[in-house]
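Structure file my_file_22.txt (compact mmCIF, C-alpha atoms) follows.
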# COMPACT_ATOMS: atom_id res chain seq x y z
CA MET E 29 188.87 -17.26 75.55
CA THR E 30 186.62 -17.29 78.62
CA GLY E 31 185.57 -14.67 81.12
CA VAL E 32 185.36 -10.89 80.95
CA GLU E 33 188.30 -9.42 79.08
CA LEU E 34 189.00 -5.68 79.34
CA ARG E 35 191.89 -4.39 77.27
CA ASP E 36 193.03 -0.80 77.70
CA ILE E 37 189.46 0.54 78.10
CA GLY E 38 188.97 4.28 77.68
CA VAL E 39 185.64 6.13 77.85
CA THR E 40 185.11 9.87 77.44
CA LEU E 41 181.72 11.34 78.35
CA ALA E 42 180.92 14.98 77.44
CA GLY E 43 184.62 15.68 76.85
CA ARG E 44 185.66 14.36 80.25
CA PRO E 45 187.69 11.13 80.49
CA VAL E 46 185.69 8.78 82.72
CA LEU E 47 187.79 5.64 82.24
CA GLN E 48 191.41 5.44 81.14
CA GLY E 49 193.59 2.43 80.38
CA VAL E 50 191.59 -0.13 82.35
CA SER E 51 192.81 -3.66 81.65
CA ALA E 52 191.86 -6.87 83.41
CA ARG E 53 190.81 -10.39 82.62
CA LEU E 54 188.12 -11.54 85.03
CA GLU E 55 187.64 -15.28 85.34
CA GLU E 56 186.88 -15.61 89.05
CA PRO E 57 183.27 -16.44 90.02
CA ARG E 58 182.88 -13.35 92.26
CA VAL E 59 184.55 -10.07 91.31
CA GLY E 60 184.00 -6.79 93.17
CA ILE E 61 184.69 -3.35 91.73
CA VAL E 62 185.12 -0.68 94.39
CA GLY E 63 185.69 3.04 94.21
CA ARG E 64 184.24 6.36 95.25
CA ASN E 65 181.34 8.18 93.62
CA GLY E 66 182.50 9.39 90.23
CA SER E 67 185.43 6.96 90.01
CA GLY E 68 184.00 5.40 86.84
CA LYS E 69 182.54 2.25 88.44
CA THR E 70 179.10 2.60 86.88
CA THR E 71 180.57 3.37 83.45
CA LEU E 72 182.76 0.27 83.72
CA ALA E 73 179.67 -1.79 84.60
CA ARG E 74 177.97 -0.48 81.47
CA VAL E 75 181.03 -1.25 79.35
CA ILE E 76 181.14 -4.84 80.64
CA ALA E 77 177.43 -5.27 79.90
CA GLY E 78 177.90 -3.79 76.42
CA LEU E 79 175.60 -0.82 77.04
CA VAL E 80 178.44 1.64 76.48
CA ALA E 81 180.97 1.03 73.71
CA PRO E 82 184.44 2.11 74.88
CA ASP E 83 186.10 4.95 72.95
CA ALA E 84 189.42 3.15 73.27
CA GLY E 85 190.36 -0.45 73.85
CA GLN E 86 188.27 -3.59 73.75
CA ALA E 87 185.74 -5.20 76.09
CA ARG E 88 184.79 -8.82 75.45
CA ILE E 89 183.05 -11.66 77.19
CA ASP E 90 183.99 -15.14 76.02
CA GLY E 91 185.61 -13.54 73.01
CA ALA E 92 182.51 -11.60 71.83
CA ASP E 93 182.15 -7.80 71.78
CA MET E 94 179.02 -7.16 73.88
CA ALA E 95 178.45 -3.62 72.57
CA ALA E 96 178.61 -4.66 68.92
CA ASP E 97 176.88 -8.03 69.13
CA ARG E 98 173.76 -7.34 71.17
CA ARG E 99 172.29 -10.73 70.35
CA ALA E 100 175.29 -12.50 71.88
CA ALA E 101 175.09 -10.07 74.80
CA LEU E 102 171.47 -11.15 75.50
CA ALA E 103 172.63 -14.72 76.00
CA THR E 104 175.81 -13.84 77.85
CA VAL E 105 175.48 -10.90 80.23
CA GLY E 106 172.76 -9.42 82.42
CA ILE E 107 172.92 -6.16 84.35
CA ILE E 108 171.11 -5.03 87.48
CA PHE E 109 170.93 -1.28 87.95
CA GLN E 110 171.14 0.66 91.17
CA ASN E 111 167.52 1.80 91.00
CA PRO E 112 165.09 -1.03 90.16
CA ASP E 113 162.53 1.55 89.02
CA HIS E 114 164.91 2.30 86.16
CA GLN E 115 164.94 -1.35 85.19
CA ILE E 116 161.40 -2.68 85.48
CA ILE E 117 159.64 -2.17 82.17
CA PHE E 118 156.36 -4.04 82.68
CA PRO E 119 153.25 -3.57 84.80
CA THR E 120 153.16 -7.12 86.20
CA VAL E 121 155.82 -9.41 87.67
CA LEU E 122 155.25 -12.26 85.24
CA GLU E 123 155.52 -10.01 82.18
CA GLU E 124 158.69 -8.44 83.51
CA ILE E 125 160.41 -11.82 83.80
CA ALA E 126 158.96 -13.26 80.58
CA PHE E 127 160.05 -10.24 78.50
CA GLY E 128 163.76 -11.12 78.48
CA LEU E 129 162.91 -14.67 77.46
CA THR E 130 160.80 -13.64 74.47
CA GLN E 131 163.66 -11.29 73.59
CA GLN E 132 165.87 -14.37 73.50
CA GLY E 133 163.50 -15.88 70.97
CA GLN E 134 161.23 -18.05 73.12
CA ARG E 135 157.56 -18.25 72.16
CA PRO E 136 155.32 -16.27 74.54
CA ARG E 137 153.77 -19.34 76.16
CA ALA E 138 157.14 -21.02 76.77
CA ALA E 139 158.58 -17.76 78.11
CA GLU E 140 155.69 -17.47 80.56
CA ALA E 141 156.21 -21.04 81.78
CA ALA E 142 159.92 -20.40 82.28
CA ALA E 143 159.14 -17.17 84.13
CA ARG E 144 156.81 -19.06 86.48
CA ALA E 145 159.51 -21.68 87.03
CA MET E 146 161.95 -18.90 87.99
CA LEU E 147 159.43 -17.46 90.47
CA ASP E 148 158.92 -20.92 91.97
CA ARG E 149 162.68 -21.39 92.32
CA PHE E 150 162.72 -18.37 94.60
CA GLY E 151 159.51 -19.44 96.34
CA LYS E 152 157.68 -16.43 94.88
CA GLY E 153 155.16 -18.18 92.65
CA HIS E 154 152.35 -16.06 94.10
CA TRP E 155 154.02 -12.89 92.81
CA ALA E 156 153.17 -13.67 89.15
CA PRO E 157 150.11 -11.42 88.73
CA ALA E 158 151.29 -8.72 91.17
CA ALA E 159 151.68 -5.14 89.93
CA THR E 160 155.39 -4.29 89.81
CA HIS E 161 154.56 -0.79 90.98
CA SER E 162 153.19 -2.10 94.27
CA LEU E 163 156.35 -4.02 95.26
CA SER E 164 158.69 -2.75 97.98
CA GLN E 165 162.17 -1.58 97.00
CA GLY E 166 163.75 -4.87 98.11
CA GLN E 167 161.09 -6.89 96.30
CA LYS E 168 161.69 -4.85 93.15
CA GLN E 169 165.42 -5.54 93.36
CA LEU E 170 164.72 -9.28 93.79
CA LEU E 171 162.41 -9.13 90.76
CA CYS E 172 165.21 -7.53 88.72
CA LEU E 173 167.53 -10.33 89.84
CA MET E 174 165.00 -13.02 88.87
CA ALA E 175 164.32 -11.34 85.51
CA VAL E 176 168.04 -11.31 84.73
CA LEU E 177 168.70 -14.85 86.00
CA ALA E 178 165.79 -16.24 83.97
CA MET E 179 167.80 -15.35 80.86
CA ARG E 180 170.62 -17.63 82.10
CA PRO E 181 173.48 -15.21 81.56
CA ARG E 182 177.09 -16.32 82.04
CA VAL E 183 177.88 -13.02 83.76
CA VAL E 184 175.67 -10.88 86.00
CA VAL E 185 176.82 -7.29 86.47
CA MET E 186 175.35 -5.52 89.51
CA ASP E 187 175.67 -1.77 89.96
CA GLU E 188 175.26 -0.93 93.67
CA PRO E 189 172.29 -3.28 93.88
CA PHE E 190 171.82 -2.94 97.63
CA SER E 191 171.99 0.78 98.15
CA GLY E 192 168.95 2.16 99.90
CA LEU E 193 167.89 -1.23 101.28
CA ASP E 194 167.61 -2.01 104.98
CA ILE E 195 170.05 -4.50 106.50
CA PRO E 196 167.74 -7.56 106.66
CA THR E 197 166.64 -7.06 103.04
CA ARG E 198 170.26 -6.66 101.98
CA LEU E 199 171.30 -9.82 103.81
CA GLN E 200 168.41 -11.76 102.24
CA LEU E 201 169.31 -10.58 98.75
CA MET E 202 172.98 -11.38 99.33
CA ARG E 203 171.95 -14.88 100.36
CA TYR E 204 170.05 -15.28 97.09
CA LEU E 205 173.19 -14.13 95.33
CA ASP E 206 175.28 -16.86 96.97
CA GLY E 207 173.26 -19.52 95.18
CA ILE E 208 173.86 -18.12 91.71
CA ALA E 209 175.99 -20.18 89.33
CA ALA E 210 176.75 -17.25 87.00
CA GLN E 211 179.86 -15.12 87.40
CA VAL E 212 178.98 -12.02 89.44
CA VAL E 213 180.66 -8.66 88.91
CA MET E 214 179.48 -6.36 91.69
CA ILE E 215 180.01 -2.61 91.79
CA THR E 216 179.92 -1.09 95.26
CA HIS E 217 181.49 1.48 97.52
CA ASP E 218 180.84 -0.70 100.57
CA PRO E 219 183.52 -3.34 101.24
CA GLY E 220 181.11 -5.07 103.63
CA GLN E 221 179.11 -6.34 100.65
CA LEU E 222 182.09 -8.16 99.18
CA ARG E 223 182.56 -10.87 101.79
CA GLY E 224 183.50 -14.15 100.16
CA PHE E 225 184.46 -12.50 96.87
CA ASP E 226 187.47 -13.80 94.95
CA ARG E 227 188.93 -10.66 93.46
CA ILE E 228 188.63 -6.90 93.89
CA LEU E 229 189.33 -4.11 91.40
CA TRP E 230 189.72 -0.59 92.80
CA LEU E 231 188.94 2.33 90.52
CA GLU E 232 189.98 5.89 91.31
CA GLY E 233 189.64 8.79 88.89
CA GLY E 234 188.82 6.43 86.04
CA ARG E 235 191.97 4.36 86.48
CA LEU E 236 192.54 0.95 87.99
CA ILE E 237 194.75 1.57 91.02
CA ALA E 238 194.59 -1.86 92.64
CA ASP E 239 193.63 -5.36 91.55
CA GLY E 240 193.93 -8.48 93.67
CA PRO E 241 192.42 -10.72 96.33
CA PRO E 242 190.14 -8.99 98.87
CA ASP E 243 192.62 -9.39 101.74
CA ALA E 244 195.17 -7.40 99.79
CA VAL E 245 192.91 -4.69 98.35
CA LEU E 246 190.02 -4.02 100.76
CA PRO E 247 192.00 -3.06 103.92
CA ARG E 248 193.98 -0.50 101.87
CA PHE E 249 190.77 0.73 100.27
CA GLU E 250 189.03 1.18 103.62
CA ALA E 251 192.04 2.94 105.15
CA GLN E 252 192.21 5.31 102.18
CA MET E 253 188.45 6.03 102.32
CA ARG E 254 188.74 6.88 106.01
CA GLU E 255 191.68 9.16 105.36
CA TRP E 256 189.83 10.97 102.58
CA GLY E 257 186.78 11.13 104.83
CA GLY E 258 188.77 13.49 107.06
CA LEU E 259 189.24 15.94 104.19
CA ASP E 260 186.74 18.31 102.63
CA ASP E 261 186.79 17.34 98.99
CA LEU E 262 183.10 18.10 98.57
CA ALA E 263 184.47 21.54 97.70
CA HIS E 264 185.78 20.42 94.32
CA LEU E 265 183.48 20.74 91.32
CA ALA E 266 183.92 18.35 88.41
CA GLY E 267 184.95 19.57 84.97
CA MET O 10 143.96 -1.34 83.86
CA ILE O 11 146.42 -3.38 85.92
CA SER O 12 144.48 -2.76 89.07
CA LEU O 13 141.20 -3.40 87.29
CA ILE O 14 141.61 -7.12 86.74
CA SER O 15 139.66 -8.95 89.40
CA PRO O 16 141.68 -11.09 91.79
CA VAL O 17 138.56 -13.25 92.15
CA GLU O 18 138.95 -15.96 89.52
CA THR O 19 135.63 -16.31 87.68
CA TRP O 20 134.33 -18.49 84.86
CA ALA O 21 134.83 -15.54 82.50
CA HIS O 22 138.58 -15.50 83.19
CA ARG O 23 138.83 -18.82 81.40
CA ILE O 24 137.21 -17.64 78.14
CA PRO O 25 139.80 -16.64 75.51
CA ALA O 26 140.38 -12.85 75.34
CA GLY O 27 139.66 -12.78 71.60
CA ALA O 28 136.22 -14.33 72.05
CA LYS O 29 135.35 -11.89 74.83
CA LEU O 30 136.47 -8.86 72.82
CA LEU O 31 134.53 -10.06 69.77
CA ALA O 32 131.37 -10.61 71.84
CA LEU O 33 131.87 -7.18 73.41
CA SER O 34 132.05 -5.52 69.99
CA ALA O 35 128.96 -7.36 68.73
CA LEU O 36 126.89 -6.62 71.84
CA THR O 37 127.92 -2.96 71.86
CA VAL O 38 126.80 -2.60 68.24
CA ALA O 39 123.53 -4.34 69.17
CA LEU O 40 122.94 -1.76 71.93
CA PHE O 41 122.95 0.94 69.27
CA LEU O 42 120.39 -0.85 67.12
CA THR O 43 117.47 -0.11 69.43
CA ASP O 44 115.95 3.08 70.85
CA ARG O 45 113.37 1.45 73.09
CA PRO O 46 114.03 2.15 76.77
CA ALA O 47 112.47 -1.14 77.83
CA VAL O 48 114.87 -3.17 75.68
CA LEU O 49 117.86 -1.18 76.92
CA ALA O 50 116.72 -1.56 80.53
CA ALA O 51 116.48 -5.31 79.97
CA ALA O 52 119.98 -5.27 78.48
CA THR O 53 121.32 -3.41 81.50
CA LEU O 54 119.65 -5.93 83.82
CA ALA O 55 121.22 -8.73 81.76
CA VAL O 56 124.66 -7.19 82.24
CA ILE O 57 124.07 -6.94 85.98
CA ALA O 58 123.05 -10.62 85.94
CA LEU O 59 126.33 -11.34 84.12
CA TYR O 60 128.27 -9.67 86.96
CA LEU O 61 126.18 -11.59 89.53
CA SER O 62 127.03 -14.89 87.86
CA ALA O 63 130.61 -14.20 88.98
CA GLY O 64 129.56 -13.58 92.56
CA THR O 65 128.35 -10.68 94.67
CA ALA O 66 131.88 -9.58 95.61
CA PHE O 67 132.65 -9.31 91.91
CA LEU O 68 129.48 -7.28 91.32
CA ARG O 69 130.41 -4.87 94.11
CA GLN O 70 133.92 -4.44 92.72
CA GLY O 71 132.52 -3.80 89.24
CA ALA O 72 130.08 -1.22 90.63
CA ARG O 73 133.00 0.57 92.29
CA HIS O 74 134.82 0.80 88.93
CA LEU O 75 131.74 2.29 87.31
CA ARG O 76 130.96 4.75 90.08
CA MET O 77 132.77 7.57 88.31
CA LEU O 78 130.18 7.30 85.53
CA TRP O 79 127.31 8.62 87.66
CA PRO O 80 128.00 12.34 87.20
CA PHE O 81 128.02 11.90 83.43
CA LEU O 82 124.86 9.81 83.41
CA LEU O 83 123.17 12.34 85.70
CA LEU O 84 124.27 15.22 83.48
CA ILE O 85 122.91 13.50 80.36
CA ALA O 86 119.58 12.69 82.04
CA LEU O 87 119.24 16.24 83.44
CA TRP O 88 120.09 17.88 80.14
CA HIS O 89 117.57 15.86 78.22
CA GLY O 90 114.99 16.35 80.99
CA LEU O 91 115.44 20.12 80.76
CA THR O 92 115.18 20.13 76.98
CA GLY O 93 112.03 18.01 77.15
CA GLN O 94 113.54 14.82 75.75
CA ALA O 95 113.47 12.71 78.88
CA GLN O 96 113.04 9.49 76.95
CA ALA O 97 116.08 10.18 74.73
CA GLY O 98 118.06 10.92 77.89
CA ILE O 99 117.11 7.63 79.46
CA VAL O 100 117.96 5.78 76.26
CA ILE O 101 121.43 7.33 76.03
CA ALA O 102 122.17 6.84 79.73
CA LEU O 103 121.07 3.20 79.74
CA ARG O 104 122.98 2.46 76.54
CA LEU O 105 126.13 4.06 77.93
CA LEU O 106 125.80 2.24 81.23
CA ALA O 107 125.24 -1.16 79.60
CA ALA O 108 128.07 -0.74 77.09
CA LEU O 109 130.63 0.47 79.62
CA ALA O 110 129.62 -2.12 82.20
CA LEU O 111 130.10 -4.78 79.56
CA ALA O 112 133.52 -3.41 78.60
CA ASN O 113 134.47 -3.24 82.27
CA PHE O 114 133.40 -6.86 82.68
CA VAL O 115 135.83 -7.89 79.93
CA THR O 116 138.61 -5.78 81.48
CA MET O 117 138.02 -7.31 84.89
CA THR O 118 138.26 -10.84 83.58
CA THR O 119 141.10 -10.54 81.04
CA ARG O 120 144.82 -10.37 81.75
CA LEU O 121 146.76 -7.56 80.12
CA THR O 122 149.08 -10.04 78.44
CA ASP O 123 146.11 -11.73 76.74
CA MET O 124 144.65 -8.36 75.73
CA ILE O 125 147.98 -7.43 74.13
CA ALA O 126 148.15 -10.82 72.39
CA VAL O 127 144.78 -10.09 70.74
CA LEU O 128 145.97 -6.63 69.72
CA THR O 129 149.12 -8.15 68.24
CA TRP O 130 146.98 -10.54 66.24
CA VAL O 131 144.67 -7.75 65.05
CA LEU O 132 147.70 -5.74 63.96
CA SER O 133 149.28 -8.69 62.12
CA PRO O 134 148.20 -7.48 58.63
CA LEU O 135 150.25 -4.33 59.27
CA ARG O 136 153.22 -6.51 60.12
CA ARG O 137 152.87 -8.25 56.80
CA LEU O 138 153.12 -4.82 55.19
CA GLY O 139 156.45 -4.43 56.95
CA LEU O 140 155.36 -2.14 59.78
CA PRO O 141 156.81 -3.04 63.17
CA THR O 142 153.90 -3.72 65.54
CA ARG O 143 155.90 -4.98 68.49
CA ALA O 144 156.66 -1.38 69.42
CA VAL O 145 152.91 -0.67 69.72
CA THR O 146 152.25 -3.49 72.16
CA LEU O 147 155.41 -2.70 74.10
CA ALA O 148 154.34 0.94 74.34
CA ILE O 149 150.97 -0.01 75.83
CA ALA O 150 152.64 -2.09 78.53
CA MET O 151 155.08 0.71 79.29
CA VAL O 152 152.33 3.33 79.64
CA LEU O 153 150.65 1.10 82.21
CA ARG O 154 153.93 0.55 84.01
CA PHE O 155 155.05 4.16 84.16
CA THR O 156 151.85 6.09 84.76
CA PRO O 157 151.87 5.33 88.51
CA MET O 158 155.59 6.19 88.62
CA LEU O 159 155.02 9.58 86.94
CA VAL O 160 152.23 10.35 89.39
CA GLU O 161 154.58 9.45 92.24
CA ASN O 162 157.30 11.71 90.82
CA GLY O 163 154.80 14.57 90.75
CA GLN O 164 153.74 13.95 94.33
CA ARG O 165 157.36 13.84 95.47
CA LEU O 166 158.14 17.13 93.74
CA ALA O 167 155.03 18.71 95.26
CA LEU O 168 156.14 17.55 98.71
CA SER O 169 159.62 18.92 98.14
CA TRP O 170 158.06 22.23 97.12
CA ARG O 171 155.72 22.39 100.08
CA ALA O 172 158.59 21.61 102.45
CA ARG O 173 160.09 24.96 101.48
CA SER O 174 157.11 27.10 100.56
CA PRO O 175 153.89 28.12 102.27
CA ARG O 176 152.09 28.19 98.92
CA ARG O 177 150.82 25.33 96.79
CA PRO O 178 153.15 24.35 93.92
CA GLY O 179 150.57 24.23 91.08
CA TRP O 180 152.00 24.61 87.59
CA ARG O 181 155.49 25.43 88.80
CA ILE O 182 156.43 21.77 89.18
CA VAL O 183 155.49 20.98 85.58
CA VAL O 184 158.93 21.74 84.13
CA PRO O 185 160.94 19.78 86.73
CA MET O 186 158.41 16.96 86.38
CA ALA O 187 158.97 16.88 82.62
CA ALA O 188 162.74 16.93 83.12
CA LEU O 189 162.44 14.05 85.57
CA ALA O 190 160.28 12.12 83.10
CA LEU O 191 162.89 12.59 80.35
CA ASP O 192 165.61 11.42 82.71
CA ASP O 193 163.56 8.35 83.64
CA ALA O 194 162.98 7.71 79.94
CA ASP O 195 166.75 7.60 79.40
CA HIS O 196 167.13 5.02 82.14
CA VAL O 197 164.31 2.87 80.81
CA ALA O 198 165.71 3.05 77.28
CA GLU O 199 168.95 1.68 78.70
CA ALA O 200 167.11 -1.08 80.56
CA LEU O 201 165.31 -1.98 77.36
CA ARG O 202 168.60 -2.08 75.48
CA ALA O 203 170.15 -4.26 78.19
CA ARG O 204 167.51 -6.83 77.32
CA GLY O 205 167.78 -6.62 73.57
CA GLY O 206 165.68 -3.55 72.74
CA ILE O 207 163.08 -3.92 70.02
CA LEU O 208 164.50 -6.70 67.92
CA ASN O 209 162.46 -7.18 64.78
CA ASP O 210 163.05 -10.84 64.14
CA ILE O 211 161.58 -11.96 67.44
CA PRO O 212 158.35 -13.94 67.37
CA ASP O 213 155.62 -11.75 68.75
CA GLY O 214 152.58 -13.60 67.50
CA ARG O 215 150.55 -16.06 69.43
CA ASN O 216 151.48 -19.66 70.02
This entry written out as structure tokens:
Amino acid sequence: MTGVELRDIGVTLAGRPVLQGVSARLEEPRVGIVGRNGSGKTTLARVIAGLVAPDAGQARIDGADMAADRRAALATVGIIFQNPDHQIIFPTVLEEIAFGLTQQGQRPRAAEAAARAMLDRFGKGHWAPAATHSLSQGQKQLLCLMAVLAMRPRVVVMDEPFSGLDIPTRLQLMRYLDGIAAQVVMITHDPGQLRGFDRILWLEGGRLIADGPPDAVLPRFEAQMREWGGLDDLAHLAG
Amino acid sequence: MISLISPVETWAHRIPAGAKLLALSALTVALFLTDRPAVLAAATLAVIALYLSAGTAFLRQGARHLRMLWPFLLLIALWHGLTGQAQAGIVIALRLLAALALANFVTMTTRLTDMIAVLTWVLSPLRRLGLPTRAVTLAIAMVLRFTPMLVENGQRLALSWRARSPRRPGWRIVVPMAALALDDADHVAEALRARGGILNDIPDGRN
């Protein structure tokens, strides 16, 4: 059993169904999940990473339940949040990267060496003693990526990782992403960020309404977004 | 503390953190063993010489860190001068200056990670009693990480207030700032959980 396996996932938050009956087996190297704000994309990302246990159904990676077996999750899946300030826990770059490695059971000295090796791989060896607080938004996002990759996960889940970044920074980060061996599951509302992806899931109202290769899903998605853009559905309040 | 470590690599950076902290404790105790102004003045000069041994740029940086001490030292000296105990005032001021300059020297030449490693080692008897100490060291790192972020949140809220009010915000941003801090705490808790949280069977000692 390999890859991300979602079987009939249901999640209810504060009495409101956020995800309903989502099923998919993801084995492709690059999977995009698209949808509007509030479609349940972020919740699905958290379910895949094991941070939210589904109220119904089962979510597994390589046969293991990521929400129940956090130790397996540490070795299997990494997640990058939308806002890097919500992710960076440590005052310096080196500590931030080394933390995940000590969490995986490496001795502090070995973890530090591995963290330096990861920085060198990205040509950022001189970042090691830098204060995380002083980094730019794009640099912070790259740090999050390096911290997650250092743990050698099989799957990297990214929740709108490029929002709020300027175009050159986004292109640079996307180039870094191309070189990653791990399976990438990227959440976004911007089809432009999914070039070269193998498969696209489209969430709407907590349900999977399309699932297939980008050529089949993205043009329909974009057309639908444009059509809805002509309406005024900002008027509706949730709940 | 993050910004306090000197980017200039000195000989003192290479001394183990534990040795430096031990020497700091011993020397600080020694400063309290004498009341003679001449001895304390010599000690202060010795500390300045210590800074100089790392270079003049290092000395200047150290002096900048200690600048905020002057009002306190002045206050102590003035108070004792007014109450007719000028010599006691000089003794206290010199002792304070020497001790804090020494502590600052250790801070400037020791990485946070090494400082935390020493703390972990000092706390190890508690761990043997079954108390989790990893949370303590993690908490220290997180305070250092999030203090600048909290300050920034406050400044952003103040700006947002001033954009819509002619008056200064003052205490009125305290509640939204606290709410924001709680919200941030939720996010960080999630980030911590994404990387395993505080697992108790993880080696946290030294190599």
Tell me which of O:Leu40, O:Ala112, O:Leu201, O:Leu132 sits closest to chain E, counting all atoms listed in the file.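 Closest residue, counting all atoms listed in the file: O:Leu201.
Atom CA of Leu59 of chain O is found 11.0 Å from atom CA of Gly71 of chain O.
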How close does chain O get to chain E? List, as a Markdown table, each residue of chain O within 6 Å, its nearest atom pair and the distance in Å to one decimal, counting only C-alpha atoms.
| residue | atom | partner | partner_atom | distance |
| --- | --- | --- | --- | --- |
| O:Ala150 | CA | E:Phe118 | CA | 5.9 |
| O:Met151 | CA | E:Phe118 | CA | 6.0 |
| O:Leu153 | CA | E:Pro119 | CA | 5.9 |
| O:Arg154 | CA | E:Pro119 | CA | 4.2 |
| O:His196 | CA | E:His114 | CA | 5.3 |
| O:Val197 | CA | E:His114 | CA | 5.4 |
| O:Ala200 | CA | E:Gln115 | CA | 5.1 |
| O:Arg204 | CA | E:Gly128 | CA | 5.8 |
| O:Ile211 | CA | E:Gly133 | CA | 5.6 |
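Atom pair atom CA of Arg23 of chain O / atom CA of Thr118 of chain O has a distance of 8.3 Å (rounded to one decimal).
For the residues E:Asp243, E:Glu55, E:Asp187, E:Asp260, ranking by smallest atom-to-atom distance to Val32 of chain E using all atoms listed in the file places E:Glu55 first.
You will find atom CA of Trp230 of chain E at 11.5 Å from atom CA of Ala52 of chain E.
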May I have the residues within 10 Å of Pro25 of chain O as a list in words, using all atoms listed in the file and disregarding those fewer than 2 positions away in the same chain?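 Listed by chain and then number, they are Ala21, His22, Arg23, Gly27, Ala28, Lys29, Leu30, Thr119, Asp123, Met124 and Val127 of chain O.
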May I have the protein, DNA and RNA residues with an atom at most 9 Å from (189.0, -9.4, 93.2), counting all atoms listed in the file in the file's coordinates, returned as a PyMOL selection string? chain E and resi 54+56+58-61+225-230+239-242+245
Could you tell me, as a list in words, which residues have any atom at most 6 Å from (181.8, 5.2, 80.0), counting only C-alpha atoms?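 Those within range, by chain then number, are Val39, Val46 and Thr71 of chain E.
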Spatial neighbours of Ala167 of chain O, 10 Å, all atoms listed in the file, chain gap at least 5 places, as a compact mmCIF listing (two decimals) with C-alpha atoms, keeping the file's coordinate frame:
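This is the output file result_4.txt:
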# COMPACT_ATOMS: atom_id res chain seq x y z
CA GLU O 161 154.58 9.45 92.24
CA ASN O 162 157.30 11.71 90.82
CA ALA O 172 158.59 21.61 102.45
CA ARG O 177 150.82 25.33 96.79
CA PRO O 178 153.15 24.35 93.92
CA GLY O 179 150.57 24.23 91.08
CA ARG O 181 155.49 25.43 88.80
CA ILE O 182 156.43 21.77 89.18
CA VAL O 183 155.49 20.98 85.58
CA MET O 186 158.41 16.96 86.38
All file atoms of segment 181-196 of chain E boxed axis-aligned, 8 Å per side, centre plus edges, as JSON:
{"center_x": 172.7, "center_y": -7.1, "center_z": 94.1, "size_x": 26.3, "size_y": 34.5, "size_z": 41.1}
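Excluding Gly66 of chain E itself and same-chain residues fewer than 4 positions from it, the residues having an atom within 12 Å of it are Arg44, Pro45, Val46, Leu47, Val62, Thr70, Thr71, Leu72, Thr216, His217, Leu231, Glu232, Gly233, Gly234, Arg235, Leu265, Ala266 and Gly267 of chain E, counting all atoms listed in the file.
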